[in-house]
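Some notes on the structure that comes next.
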Amino acid sequence: MTKYYNEQVETASRDQMFYIQSLALTRKIKQVYENVPLYRQRMQEAGIEPGDIRSVEDLSKLPFTYKQDLRDTYPYGMFAVSMDEVVRIHASSGTTGKPTVVGYTKRDIEMWSECVARALVAAGTQKNDYIHVSYGYGLFTGGLGLHYAGELIGATVIPVSSGNTARQIQILRDFGSSVLCCTPSYALYIADTLREQGVDPGELNLKAGIFGAEPWSENMRREIEERLHIKAYDIYGLSEVCGPGVAFDCECQNGLHVNEDNFIIEIVDPETKEPLPDGQFGEVVFSCVTKEALPLIRYNTHDISAITRERCNCGRTLTRMHKIAGRTDDMIIIRGVNVFPSQIESVLLSIGEVDPHYLIIVDRVNNLDTLEIQVEVSERIFSDRVAELERLENKIRAAIESVLGLSAKITLVEPYTIPRSEGKAKRVIDRRKDLH
Amino acid sequence: MILKQVSVFVENRRGRLAEVTGILAESNINIRALSIAETTSYGLLRIIVDCPLEAERILREHGIAASMTNVLAVNVPDVPGGLHKLLKTLSEHNLSIEYMYHAFVSQKDNNACMILRVDDEEKALSVLTENGYTGPSFIN
Ligand SMILES: [Zn+2]
């Protein structure tokens, strides 16, 4: 069984990777400077010439790009090649206004397919597998992204696309689907429907699932694995960078390997925008140094993660990124520490006794920030012993302190007392904003 | 002698306790014993009612955290040393009491009724029965 799709790259030494990345970066900077007015203008404003970028170490000299830049140059203004060379367009629907349009040359499609192929192989997919693609086909990158990679490794691809769950299940049963590709929430929906129809997941040929396109927790992973009798792998990507396959889980499920020969990852401080040391959480920035049609440089995703460059137990040396911990928009700074509601949520989930109905209240008393976390008492954790409830409070307090390095006041509150809007609970009240 | 106690999580805010007792009153549920364990931010209301299953269901329907626990209701002779004798019997059999309170039901005989939460109610039941203790008549 093949363990890697591209062993040479996936297990390259850090020195080799530095060389591969630096070579690609210096070439790409010259190309975008010459072909994309936005980059030329920004670099000139920053007083930088392409010759100033000689290795990955010079990356932080370059200005950032943002989603807004793509909107401002809608639809093709940031493309670095002529439209003659563009063979495919994808687009993501913007929540406000215009969609974000991305383009691919023939070689971009090949590079992207290889990135996803590495993810498929890392999830144990082989030629004799049946890849059931339930991501949407169309302008969304999910469906075609997985499809091309499945064909590239020679597996049998079943392009089911999204929706029509009854048909999905018929195909899962009759076609022998062995690898399911969809969003994690749809995987749970399929599990629910199987149960309703009285189908035992053990009867299916499924062995693995490759899930992405939305954030999901480790608890959700365990639930999917138990309910569908599969191993669940995360795949990360965003259409601006290429689509799914920017980073992927291996069998260790201990951080997502970044396809960093194509996408150089940096973590920067959300406030100062300075690069952060490995292990610290901050904004994820990608430079797409091998892409031809839309090579975004220092693209700030506003996703929050941390990286490690240590060799993984799977043998890969590709930098690993932590599961996305949140978005910059959600970040709160408490006593100088960057805190994301999702970090608190995962602490509460890991305690296992708590339903994640919580409210974070930040205030300032005598010039000192205070953090209070209200947690709803569910039937599951309710005890008629005060000592039990106090033990739970202490357990949560200790877990929060070890993860955030911050002391918090834990308050147990009655069920349904935390305000909910449109089904989704409001997570943070920052009273410091009213102090001015 | 064993009966179901309903425990209710109640935040310390004005009028909240009355809301809970109001819900029970509206549903015609009679409270026969009650105690409150308090912390600075919340309290645990423990009640003995005539229909605990119904009480738990109704409270949960109102979004209130409630659960049922087995407790012992024991008649204690209303004489000096009556309570001491009961506690001594339990401690001699290595049974520990987590909490106890008094039921406020008036009884015709000369007994007081204590509600006890012990670590092992099955064992406590047999110990108390062997030592001639009985439960109050309102259980049945
Ligand atoms: Zn690995």
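Naming scheme: A, B, ... for chains in displayed order of the structure tokens; residues 1 onward per chain; ligands 1 onward as shown.
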
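Distance criterion 7 Å to chain A, applied with only C-alpha atoms, yields Ser7, Phe9, Val10, Glu11, Leu44, Gly63, Ile64, Ala65 and Ala66 of chain B on chain B.
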
Got a sec to check which residues lie within 7 Å of ligand 1, using only C-alpha atoms and all ligand atoms, and send them as an MDAnalysis selection string? chainID A and resid 249:252 254 257 312:316

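Counting only C-alpha atoms and comparing B:Leu90, B:Ala124, B:Leu83, B:Val8, the residue that lies closest to Gly43 of chain B is B:Val8.
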
Excluding same-chain residues fewer than 4 positions from segment 46-58 of chain B, what lies within 10 Å of it counting only C-alpha atoms, as a VMD selection string? (chain A and resid 384) or (chain B and resid 3 to 9 23 to 24 27 to 37 62 to 69 71 73 101 103 115 138 to 140)

Excluding segment 343-347 of chain A and residues on its chain fewer than 5 positions from it, collect all residues at most 8 Å away from it, counting only C-alpha atoms, and give them as a VMD selection string. chain A and resid 217 325 356 358 396 399 to 400 403

DSSP on the backbone, helix (DSSP H, G or I) only: what residues of chain B does that give? Format it as a ChimeraX atom specification. /B:16-26,52-61,82-92,121-130,137-139

Find the residues around Asp120 of chain B up to 12 Å (only C-alpha atoms counted), leave out those fewer than 2 positions away in its own chain, and share them as a PyMOL selection string. chain B and resi 2+70-72+90+93-98+116-118+122-127

Any idea what's packed within 9 Å of Ala12 of chain A, counting only C-alpha atoms, ignoring anything in its chain fewer than 3 positions away? Could you give it as a ChimeraX atom specification? /A:7-9,15-17,316-318

A:His147, A:Arg42, A:Lys433, A:Arg427: which is nearest Ile131 of chain A, counting only C-alpha atoms? A:His147

Can you list, as a ChimeraX atom specification, all residues belonging to chain B that DSSP tags as strand (DSSP E or B)? /B:2-11,31-38,42-49,66-77,97-103,111-118

Can you pull out every residue within 9 Å of Gly51 of chain A, counting only C-alpha atoms, but drop anything in the same chain fewer than 3 positions away, and send it as a PDB file with all heavy atoms, in the first residue's frame?
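And here is the file that came out, selection36.pdb:
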```pdb
ATOM      1  N   THR A  26      10.738  33.453  -5.139  1.00  0.00           N
ATOM      2  CA  THR A  26      11.446  34.526  -5.858  1.00  0.00           C
ATOM      3  C   THR A  26      10.935  34.629  -7.300  1.00  0.00           C
ATOM      4  O   THR A  26      10.725  35.727  -7.809  1.00  0.00           O
ATOM      5  CB  THR A  26      12.972  34.282  -5.855  1.00  0.00           C
ATOM      6  OG1 THR A  26      13.219  32.934  -6.256  1.00  0.00           O
ATOM      7  CG2 THR A  26      13.561  34.489  -4.471  1.00  0.00           C
ATOM      8  N   ILE A  29       7.323  36.195  -7.272  1.00  0.00           N
ATOM      9  CA  ILE A  29       7.268  37.627  -6.981  1.00  0.00           C
ATOM     10  C   ILE A  29       7.587  38.435  -8.247  1.00  0.00           C
ATOM     11  O   ILE A  29       6.923  39.427  -8.551  1.00  0.00           O
ATOM     12  CB  ILE A  29       8.235  37.998  -5.823  1.00  0.00           C
ATOM     13  CG1 ILE A  29       7.769  37.332  -4.522  1.00  0.00           C
ATOM     14  CG2 ILE A  29       8.341  39.503  -5.635  1.00  0.00           C
ATOM     15  CD1 ILE A  29       6.353  37.671  -4.090  1.00  0.00           C
ATOM     16  N   LYS A  30       8.567  37.956  -9.001  1.00  0.00           N
ATOM     17  CA  LYS A  30       8.885  38.646 -10.267  1.00  0.00           C
ATOM     18  C   LYS A  30       7.672  38.645 -11.188  1.00  0.00           C
ATOM     19  O   LYS A  30       7.319  39.653 -11.793  1.00  0.00           O
ATOM     20  CB  LYS A  30      10.059  37.946 -10.975  1.00  0.00           C
ATOM     21  CG  LYS A  30      11.405  38.309 -10.397  1.00  0.00           C
ATOM     22  CD  LYS A  30      12.544  37.865 -11.332  1.00  0.00           C
ATOM     23  CE  LYS A  30      13.879  37.948 -10.602  1.00  0.00           C
ATOM     24  NZ  LYS A  30      14.090  36.822  -9.641  1.00  0.00           N
ATOM     25  N   ILE A  48       9.715  48.175  -2.097  1.00  0.00           N
ATOM     26  CA  ILE A  48      10.347  46.870  -2.312  1.00  0.00           C
ATOM     27  C   ILE A  48      10.392  46.552  -3.803  1.00  0.00           C
ATOM     28  O   ILE A  48       9.422  46.793  -4.530  1.00  0.00           O
ATOM     29  CB  ILE A  48       9.554  45.735  -1.627  1.00  0.00           C
ATOM     30  CG1 ILE A  48       9.325  46.058  -0.143  1.00  0.00           C
ATOM     31  CG2 ILE A  48      10.282  44.402  -1.750  1.00  0.00           C
ATOM     32  CD1 ILE A  48       8.216  45.235   0.432  1.00  0.00           C
ATOM     33  N   ARG A  54      14.723  37.282  -1.691  1.00  0.00           N
ATOM     34  CA  ARG A  54      15.692  36.268  -2.107  1.00  0.00           C
ATOM     35  C   ARG A  54      15.417  34.894  -1.501  1.00  0.00           C
ATOM     36  O   ARG A  54      15.903  33.888  -1.992  1.00  0.00           O
ATOM     37  CB  ARG A  54      17.106  36.727  -1.745  1.00  0.00           C
ATOM     38  CG  ARG A  54      17.627  37.788  -2.724  1.00  0.00           C
ATOM     39  CD  ARG A  54      19.033  38.222  -2.370  1.00  0.00           C
ATOM     40  NE  ARG A  54      19.036  38.930  -1.103  1.00  0.00           N
ATOM     41  CZ  ARG A  54      19.111  40.254  -0.983  1.00  0.00           C
ATOM     42  NH1 ARG A  54      19.227  41.005  -2.056  1.00  0.00           N
ATOM     43  NH2 ARG A  54      19.102  40.827   0.197  1.00  0.00           N
TER      44      ARG A  54
END
```

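Among the candidate residues B:Leu45, B:Val74, B:Met114, B:Ala25, the one lying nearest to Thr134 of chain B is B:Val74, with distances computed using only C-alpha atoms.
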